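A.B. asks: Dropping in query_5.tsv, with TSV, C-alpha atoms and all ligand atoms.
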chain	number	residue	atom	x	y	z
A	29	MET	CA	102.35	84.62	108.40
A	30	LYS	CA	100.80	85.62	105.10
A	31	ALA	CA	103.33	86.39	102.36
A	32	ILE	CA	101.54	89.68	101.68
A	33	ILE	CA	103.71	91.01	104.51
A	34	VAL	CA	106.87	90.02	102.62
A	35	ARG	CA	105.49	91.47	99.39
A	36	ALA	CA	105.11	94.78	101.20
A	37	ILE	CA	108.72	94.61	102.47
A	38	ALA	CA	109.88	93.85	98.91
A	39	ASP	CA	107.96	96.82	97.46
A	40	LEU	CA	109.26	99.13	100.17
A	41	VAL	CA	112.90	98.13	99.64
A	42	LYS	CA	112.66	98.29	95.82
A	43	GLU	CA	110.90	101.67	95.89
A	44	LYS	CA	113.10	103.38	98.45
A	45	PHE	CA	116.49	101.63	98.11
A	46	GLY	CA	116.48	99.92	94.70
A	47	ARG	CA	115.85	96.46	93.25
A	48	ASP	CA	119.47	95.33	93.82
A	49	LYS	CA	119.10	95.71	97.57
A	50	TRP	CA	115.99	93.50	97.53
A	51	GLU	CA	117.83	90.84	95.50
A	52	GLU	CA	120.63	90.92	98.09
A	53	ILE	CA	118.09	90.50	100.92
A	54	LEU	CA	116.49	87.54	99.12
A	55	GLU	CA	119.86	85.81	98.70
A	56	LYS	CA	120.88	86.45	102.31
A	57	SER	CA	117.57	84.95	103.47
A	58	GLY	CA	118.09	81.78	101.41
A	59	TYR	CA	115.79	82.52	98.47
A	60	PRO	CA	116.90	82.49	94.82
A	61	LYS	CA	117.30	85.84	93.04
A	62	GLY	CA	114.03	87.04	91.53
A	63	TYR	CA	111.94	84.88	93.89
A	64	TYR	CA	108.33	86.06	93.88
A	65	PHE	CA	106.02	85.61	96.87
A	66	LEU	CA	102.33	84.97	96.18
A	67	THR	CA	100.23	87.09	98.55
A	68	SER	CA	98.12	84.13	99.73
A	69	GLN	CA	101.17	81.92	100.39
A	70	ASP	CA	101.95	81.08	104.04
A	71	ILE	CA	105.46	81.75	105.29
A	72	ASP	CA	106.82	80.48	108.53
A	73	ASP	CA	107.07	83.37	111.06
A	74	GLY	CA	110.78	82.52	111.56
A	75	LYS	CA	111.43	83.02	107.84
A	76	VAL	CA	109.66	86.40	107.88
A	77	MET	CA	111.87	87.41	110.82
A	78	GLY	CA	114.90	86.16	108.82
A	79	ILE	CA	113.93	88.40	105.90
A	80	ILE	CA	113.51	91.36	108.28
A	81	GLY	CA	116.95	90.57	109.81
A	82	SER	CA	118.56	90.45	106.35
A	83	THR	CA	116.85	93.75	105.51
A	84	CYS	CA	118.53	95.36	108.53
A	85	GLU	CA	121.93	93.97	107.46
A	86	VAL	CA	121.68	94.95	103.80
A	87	LEU	CA	120.31	98.43	104.53
A	88	ASN	CA	122.67	98.80	107.48
A	89	ALA	CA	119.76	99.96	109.63
A	90	PRO	CA	118.69	99.04	113.18
A	91	LEU	CA	115.64	96.78	113.66
A	92	ASP	CA	113.45	99.46	115.26
A	93	LYS	CA	114.04	101.75	112.26
A	94	VAL	CA	113.14	98.99	109.75
A	95	ILE	CA	109.99	98.02	111.73
A	96	ASP	CA	108.94	101.69	111.85
A	97	LEU	CA	109.52	102.21	108.12
A	98	PHE	CA	107.67	99.00	107.29
A	99	GLY	CA	104.65	99.64	109.54
A	100	ILE	CA	104.12	103.13	108.18
A	101	TYR	CA	104.62	101.95	104.58
A	102	TRP	CA	102.20	99.02	105.00
A	103	VAL	CA	99.30	101.13	106.24
A	104	SER	CA	99.81	104.35	104.32
A	105	ILE	CA	100.97	103.06	100.90
A	106	PHE	CA	100.77	99.29	100.42
A	107	ALA	CA	97.50	98.23	102.09
A	108	PRO	CA	95.40	101.03	100.46
A	109	LYS	CA	96.36	99.53	97.05
A	110	PHE	CA	95.40	95.98	98.07
A	111	TYR	CA	92.32	96.71	100.15
A	112	THR	CA	90.99	99.72	98.20
A	113	ASP	CA	87.30	99.16	98.95
A	114	LEU	CA	87.99	98.66	102.63
A	115	PHE	CA	90.04	101.86	102.87
A	116	LYS	CA	87.27	103.88	101.19
A	117	LYS	CA	85.06	103.12	104.21
A	118	PHE	CA	87.40	104.71	106.76
A	119	THR	CA	86.72	108.38	107.47
A	120	SER	CA	89.52	109.28	109.91
A	121	ALA	CA	92.40	107.82	111.94
A	122	ARG	CA	90.03	107.46	114.88
A	123	ASP	CA	87.47	105.64	112.74
A	124	MET	CA	90.01	103.26	111.18
A	125	LEU	CA	91.84	102.44	114.42
A	126	THR	CA	88.65	101.68	116.35
A	127	LYS	CA	87.56	99.31	113.56
A	128	MET	CA	90.85	97.39	113.37
A	129	ASN	CA	89.85	94.60	115.74
A	130	SER	CA	86.72	93.75	113.75
A	131	ILE	CA	88.61	94.14	110.44
A	132	HIS	CA	91.23	91.61	111.58
A	133	THR	CA	88.46	89.26	112.76
A	134	MET	CA	86.87	89.51	109.32
A	135	ILE	CA	90.23	88.71	107.69
A	136	VAL	CA	90.54	85.55	109.80
A	137	GLN	CA	87.13	84.41	108.59
A	138	ASN	CA	88.08	84.96	104.94
A	139	THR	CA	91.70	83.78	104.93
A	140	VAL	CA	92.99	80.31	105.67
A	141	ASN	CA	95.76	80.20	108.32
A	142	ALA	CA	95.75	83.92	109.17
A	143	ARG	CA	96.35	84.68	112.86
A	144	PRO	CA	96.20	88.45	113.22
A	145	PRO	CA	96.27	90.07	116.69
A	146	ALA	CA	93.25	90.89	118.84
A	147	ILE	CA	92.95	94.54	119.88
A	148	GLU	CA	91.16	95.95	122.94
A	149	TYR	CA	90.15	99.58	123.35
A	150	ASN	CA	89.91	101.73	126.47
A	151	TRP	CA	89.20	105.46	126.31
A	152	GLN	CA	91.00	107.47	129.02
A	153	ASP	CA	89.21	110.63	127.95
A	154	LYS	CA	87.46	111.64	124.76
A	155	ASN	CA	90.69	112.05	122.81
A	156	THR	CA	92.98	109.55	124.53
A	157	LEU	CA	92.73	105.89	123.62
A	158	ILE	CA	94.64	102.96	125.07
A	159	MET	CA	94.95	100.16	122.50
A	160	THR	CA	95.87	96.78	123.96
A	161	TYR	CA	97.75	94.39	121.67
A	162	LYS	CA	96.98	90.70	122.19
A	163	SER	CA	99.06	88.23	120.22
A	164	GLU	CA	101.54	85.51	121.04
A	165	ARG	CA	103.86	87.00	118.41
A	166	GLY	CA	105.07	89.86	120.63
A	167	LEU	CA	105.28	92.39	117.79
A	168	ILE	CA	104.31	95.43	119.87
A	169	ASP	CA	106.78	97.69	118.01
A	170	LEU	CA	105.15	96.74	114.72
A	171	PHE	CA	101.77	97.49	116.30
A	172	VAL	CA	103.05	100.97	117.26
A	173	ALA	CA	104.42	101.60	113.74
A	174	LEU	CA	101.14	100.50	112.12
A	175	ILE	CA	99.18	102.90	114.33
A	176	LYS	CA	101.57	105.72	113.32
A	177	GLY	CA	100.96	104.70	109.68
A	178	VAL	CA	97.22	105.29	110.13
A	179	GLY	CA	98.02	108.89	111.19
A	180	VAL	CA	100.26	109.31	108.12
A	181	TYR	CA	97.58	107.91	105.80
A	182	PHE	CA	94.96	110.39	107.06
A	183	LYS	CA	97.54	113.21	107.43
A	184	GLU	CA	96.46	113.55	111.06
A	185	ASN	CA	98.89	114.50	113.75
A	186	ILE	CA	98.13	111.71	116.24
A	187	GLU	CA	100.52	111.11	119.15
A	188	VAL	CA	101.46	107.44	119.50
A	189	SER	CA	103.47	106.12	122.47
A	190	LYS	CA	104.21	102.66	123.80
A	191	VAL	CA	103.10	102.34	127.43
A	192	ASP	CA	104.44	98.79	127.93
A	193	GLU	CA	104.75	95.52	125.95
A	194	ARG	CA	100.94	95.29	125.56
A	195	ASN	CA	99.57	98.83	125.62
A	196	VAL	CA	99.86	101.81	123.31
A	197	LYS	CA	98.51	105.29	124.02
A	198	VAL	CA	97.03	107.25	121.13
A	199	VAL	CA	96.10	110.92	121.50
A	200	PHE	CA	93.87	112.35	118.77
A	201	PRO	CA	94.19	116.08	118.06
A	202	GLN	CA	90.59	116.91	117.11
A	203	PRO	CA	87.98	117.07	119.85
A	204	GLN	CA	85.26	114.78	118.48
A	205	GLN	CA	82.45	112.64	119.75
A	206	GLN	CA	83.39	108.96	119.76
A	207	PRO	CA	80.80	106.22	119.29
A	208	GLY	CA	79.05	105.22	122.48
A	209	PHE	CA	79.43	108.60	124.24
A	301	LIG	C1	93.20	97.72	106.58
A	301	LIG	C2	94.44	97.59	107.03
A	301	LIG	C3	94.94	96.28	107.55
A	301	LIG	C4	94.78	95.02	107.05
A	301	LIG	C5	94.03	94.62	105.82
A	301	LIG	C6	95.51	94.12	107.94
A	301	LIG	C7	95.65	92.76	107.75
A	301	LIG	C8	96.56	91.96	108.39
A	301	LIG	C9	96.99	90.63	107.97
A	301	LIG	C10	96.48	89.87	106.74
A	301	LIG	C11	97.91	90.21	108.87
A	301	LIG	C12	98.70	88.88	108.84
A	301	LIG	C13	98.04	87.85	109.71
A	301	LIG	C14	98.71	86.48	109.58
A	301	LIG	O1	99.27	86.15	108.53
A	301	LIG	O2	98.61	85.67	110.54
A	301	LIG	C15	98.07	91.27	109.85
A	301	LIG	C16	98.94	91.22	110.90
A	301	LIG	C17	99.07	92.22	111.84
A	301	LIG	N1	98.30	93.37	111.93
A	301	LIG	FE1	97.06	94.06	110.53
A	301	LIG	N2	96.05	94.83	108.96
A	301	LIG	C18	95.74	96.15	108.77
A	301	LIG	C19	96.08	97.21	109.57
A	301	LIG	C20	96.62	97.07	110.82
A	301	LIG	C21	96.72	98.15	111.79
A	301	LIG	C22	96.27	99.59	111.58
A	301	LIG	C23	97.29	97.60	112.91
A	301	LIG	C24	97.59	98.27	114.21
A	301	LIG	C25	96.65	98.91	114.87
A	301	LIG	C26	97.56	96.19	112.62
A	301	LIG	C27	98.19	95.29	113.46
A	301	LIG	C28	98.73	94.09	113.03
A	301	LIG	C29	99.84	93.39	113.67
A	301	LIG	C30	100.63	93.85	114.90
A	301	LIG	C31	100.06	92.21	112.91
A	301	LIG	C32	101.15	91.13	113.12
A	301	LIG	C33	100.64	89.84	113.63
A	301	LIG	C34	100.68	89.70	115.14
A	301	LIG	O3	101.27	90.56	115.84
A	301	LIG	O4	100.12	88.71	115.64
A	301	LIG	N3	97.11	95.92	111.37
A	301	LIG	N4	97.22	92.31	109.56
Mind turning the file's structure into structure tokens?
C.D. replies:
Amino acid sequence: MKAIIVRAIADLVKEKFGRDKWEEILEKSGYPKGYYFLTSQDIDDGKVMGIIGSTCEVLNAPLDKVIDLFGIYWVSIFAPKFYTDLFKKFTSARDMLTKMNSIHTMIVQNTVNARPPAIEYNWQDKNTLIMTYKSERGLIDLFVALIKGVGVYFKENIEVSKVDERNVKVVFPQPQQQPGF
């Protein structure tokens, strides 16, 4: 996985829990103190999971809580700083979420070794969207947290619930016309 993910975890921990906690996580995960990840660097998925595991231990927090915190932080605080021009194009949670499959496809074309998930969309009614997560990584809980983060970023009260290990239901509050209807 791209090290930008680990950079986001580092920023989150330093910002919310202090630099010392991040140093502890680095050491526990087998990296020297002060180790700096370049955003374009590739990190083995197992190592990323190791860093997430160490984060749970050091912060004394359960995995689902850390994944939730991270997903929301990534979309609402970290990614807008890194992908500023891209974020300017999104007008609402609905707009951003329905563009995420093509955005990830674009990232694959521009980044060596990136393997982001594929996303399928099915509207149940005009405000209820089923988003299907397709990836061999099995990170559905991260997918859920990232969707919640989109709501936080736009300050929209969207309802996000996991249907099963592949599908997430999103209910948008505002009655609006969606493209294609
Ligand atoms: C503009 C905001 C976003 C950007 C730039 C972005 C970009 C990326 C990048 C670079 C990766 C790592 C791919 C790799 O190293 O193989 C990734 C992974 C991922 N992204 Fe996004 N992403 C964004 C928002 C979202 C949102 C809103 C969702 C959910 C709807 C999402 C779902 C995921 C998931 C679940 C992964 C983990 C990889 C996997 O499960 O296979 N992303 N994304």
A.B. asks: Might you pull out every residue within 10 Å of Gly179 in chain A, with only C-alpha atoms counted and same-chain residues fewer than 5 positions away left off, and present them as a ChimeraX atom specification?
C.D. replies: /A:100,103-104,120-122,124-125,174,184-188,200
A.B. asks: To one decimal place, how far is CA of Ile168 in chain A from atom C17 of ligand LIG 301 (chain A) in Å?
C.D. replies: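 For CA of Ile168 in chain A relative to atom C17 of ligand LIG 301 (chain A), the distance reads 10.1 Å.
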A.B. asks: Any idea what the distance is between CA of Met134 in chain A and CA of Lys75 in chain A?
C.D. replies: 25.4 Å
A.B. asks: Go ahead and fit an axis-aligned box to every listed atom of ligand LIG 301 (chain A) plus 4 Å each side, and pass me the centre and edge lengths in Å, one decimal, as AutoDock Vina command-line options.
C.D. replies:
--center_x 97.2 --center_y 92.6 --center_z 110.8 --size_x 16.1 --size_y 21.9 --size_z 18.0
A.B. asks: What is the distance between CA of Ile131 in chain A and atom N2 of ligand LIG 301 (chain A), in Å to one decimal?
C.D. replies: 7.6 Å
A.B. asks: Compute the set of protein, DNA and RNA residues whose minimum atom distance to ligand LIG 301 (chain A) is at most 9 Å, using all atoms listed in the file, and state it as a PyMOL selection string.
C.D. replies: chain A and resi 29-33+70-71+73+99+102-103+107-108+110-112+114-115+124-129+131-132+135-136+139+141-147+159+161-178
A.B. asks: So which one's closest to Gly81 in chain A, A:Tyr63, A:Lys56, A:Asn155, A:Gly46? Using only C-alpha atoms, please.
C.D. replies: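 Nearest to Gly81 in chain A: A:Lys56.
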A.B. asks: Taking the partial coordinates given, rebuild range 131-153 of chain A to contain N, CA and C atoms; return it as a PDB file, in the frame of the given file.
C.D. replies:
ATOM      1  N   ILE A 131      88.064  94.372 111.787  1.00  0.00           N
ATOM      2  CA  ILE A 131      88.610  94.140 110.440  1.00  0.00           C
ATOM      3  C   ILE A 131      89.500  92.881 110.470  1.00  0.00           C
ATOM      4  N   HIS A 132      90.366  92.795 111.479  1.00  0.00           N
ATOM      5  CA  HIS A 132      91.230  91.610 111.580  1.00  0.00           C
ATOM      6  C   HIS A 132      90.402  90.337 111.771  1.00  0.00           C
ATOM      7  N   THR A 133      89.318  90.426 112.556  1.00  0.00           N
ATOM      8  CA  THR A 133      88.460  89.260 112.760  1.00  0.00           C
ATOM      9  C   THR A 133      87.859  88.818 111.433  1.00  0.00           C
ATOM     10  N   MET A 134      87.449  89.803 110.633  1.00  0.00           N
ATOM     11  CA  MET A 134      86.870  89.510 109.320  1.00  0.00           C
ATOM     12  C   MET A 134      87.906  88.822 108.416  1.00  0.00           C
ATOM     13  N   ILE A 135      89.161  89.295 108.508  1.00  0.00           N
ATOM     14  CA  ILE A 135      90.230  88.710 107.690  1.00  0.00           C
ATOM     15  C   ILE A 135      90.439  87.236 108.056  1.00  0.00           C
ATOM     16  N   VAL A 136      90.370  86.944 109.358  1.00  0.00           N
ATOM     17  CA  VAL A 136      90.540  85.550 109.800  1.00  0.00           C
ATOM     18  C   VAL A 136      89.465  84.670 109.177  1.00  0.00           C
ATOM     19  N   GLN A 137      88.229  85.217 109.138  1.00  0.00           N
ATOM     20  CA  GLN A 137      87.130  84.410 108.590  1.00  0.00           C
ATOM     21  C   GLN A 137      87.308  84.140 107.099  1.00  0.00           C
ATOM     22  N   ASN A 138      87.967  85.083 106.397  1.00  0.00           N
ATOM     23  CA  ASN A 138      88.080  84.960 104.940  1.00  0.00           C
ATOM     24  C   ASN A 138      89.407  84.401 104.457  1.00  0.00           C
ATOM     25  N   THR A 139      90.364  84.210 105.361  1.00  0.00           N
ATOM     26  CA  THR A 139      91.700  83.780 104.930  1.00  0.00           C
ATOM     27  C   THR A 139      92.155  82.572 105.733  1.00  0.00           C
ATOM     28  N   VAL A 140      92.518  81.527 105.019  1.00  0.00           N
ATOM     29  CA  VAL A 140      92.990  80.310 105.670  1.00  0.00           C
ATOM     30  C   VAL A 140      94.332  80.599 106.354  1.00  0.00           C
ATOM     31  N   ASN A 141      94.492  80.114 107.575  1.00  0.00           N
ATOM     32  CA  ASN A 141      95.760  80.200 108.320  1.00  0.00           C
ATOM     33  C   ASN A 141      96.188  81.596 108.785  1.00  0.00           C
ATOM     34  N   ALA A 142      95.332  82.603 108.676  1.00  0.00           N
ATOM     35  CA  ALA A 142      95.750  83.920 109.170  1.00  0.00           C
ATOM     36  C   ALA A 142      95.511  83.983 110.674  1.00  0.00           C
ATOM     37  N   ARG A 143      96.465  84.541 111.398  1.00  0.00           N
ATOM     38  CA  ARG A 143      96.350  84.680 112.860  1.00  0.00           C
ATOM     39  C   ARG A 143      96.691  86.107 113.251  1.00  0.00           C
ATOM     40  N   PRO A 144      95.878  87.064 112.857  1.00  0.00           N
ATOM     41  CA  PRO A 144      96.200  88.450 113.220  1.00  0.00           C
ATOM     42  C   PRO A 144      95.957  88.691 114.712  1.00  0.00           C
ATOM     43  N   PRO A 145      96.430  89.827 115.251  1.00  0.00           N
ATOM     44  CA  PRO A 145      96.270  90.070 116.690  1.00  0.00           C
ATOM     45  C   PRO A 145      94.844  90.463 117.050  1.00  0.00           C
ATOM     46  N   ALA A 146      94.500  90.323 118.331  1.00  0.00           N
ATOM     47  CA  ALA A 146      93.250  90.890 118.840  1.00  0.00           C
ATOM     48  C   ALA A 146      93.604  92.250 119.442  1.00  0.00           C
ATOM     49  N   ILE A 147      92.687  93.190 119.356  1.00  0.00           N
ATOM     50  CA  ILE A 147      92.950  94.540 119.880  1.00  0.00           C
ATOM     51  C   ILE A 147      91.810  94.928 120.815  1.00  0.00           C
ATOM     52  N   GLU A 148      92.177  95.440 122.005  1.00  0.00           N
ATOM     53  CA  GLU A 148      91.160  95.950 122.940  1.00  0.00           C
ATOM     54  C   GLU A 148      91.278  97.454 123.048  1.00  0.00           C
ATOM     55  N   TYR A 149      90.172  98.118 123.313  1.00  0.00           N
ATOM     56  CA  TYR A 149      90.150  99.580 123.350  1.00  0.00           C
ATOM     57  C   TYR A 149      89.661 100.097 124.696  1.00  0.00           C
ATOM     58  N   ASN A 150      90.367 101.058 125.256  1.00  0.00           N
ATOM     59  CA  ASN A 150      89.910 101.730 126.470  1.00  0.00           C
ATOM     60  C   ASN A 150      90.149 103.220 126.341  1.00  0.00           C
ATOM     61  N   TRP A 151      89.065 103.994 126.414  1.00  0.00           N
ATOM     62  CA  TRP A 151      89.200 105.460 126.310  1.00  0.00           C
ATOM     63  C   TRP A 151      89.532 106.028 127.675  1.00  0.00           C
ATOM     64  N   GLN A 152      90.646 106.814 127.757  1.00  0.00           N
ATOM     65  CA  GLN A 152      91.000 107.470 129.020  1.00  0.00           C
ATOM     66  C   GLN A 152      90.238 108.785 129.152  1.00  0.00           C
ATOM     67  N   ASP A 153      90.109 109.485 128.052  1.00  0.00           N
ATOM     68  CA  ASP A 153      89.210 110.630 127.950  1.00  0.00           C
ATOM     69  C   ASP A 153      88.774 110.688 126.500  1.00  0.00           C
TER      70      ASP A 153
END
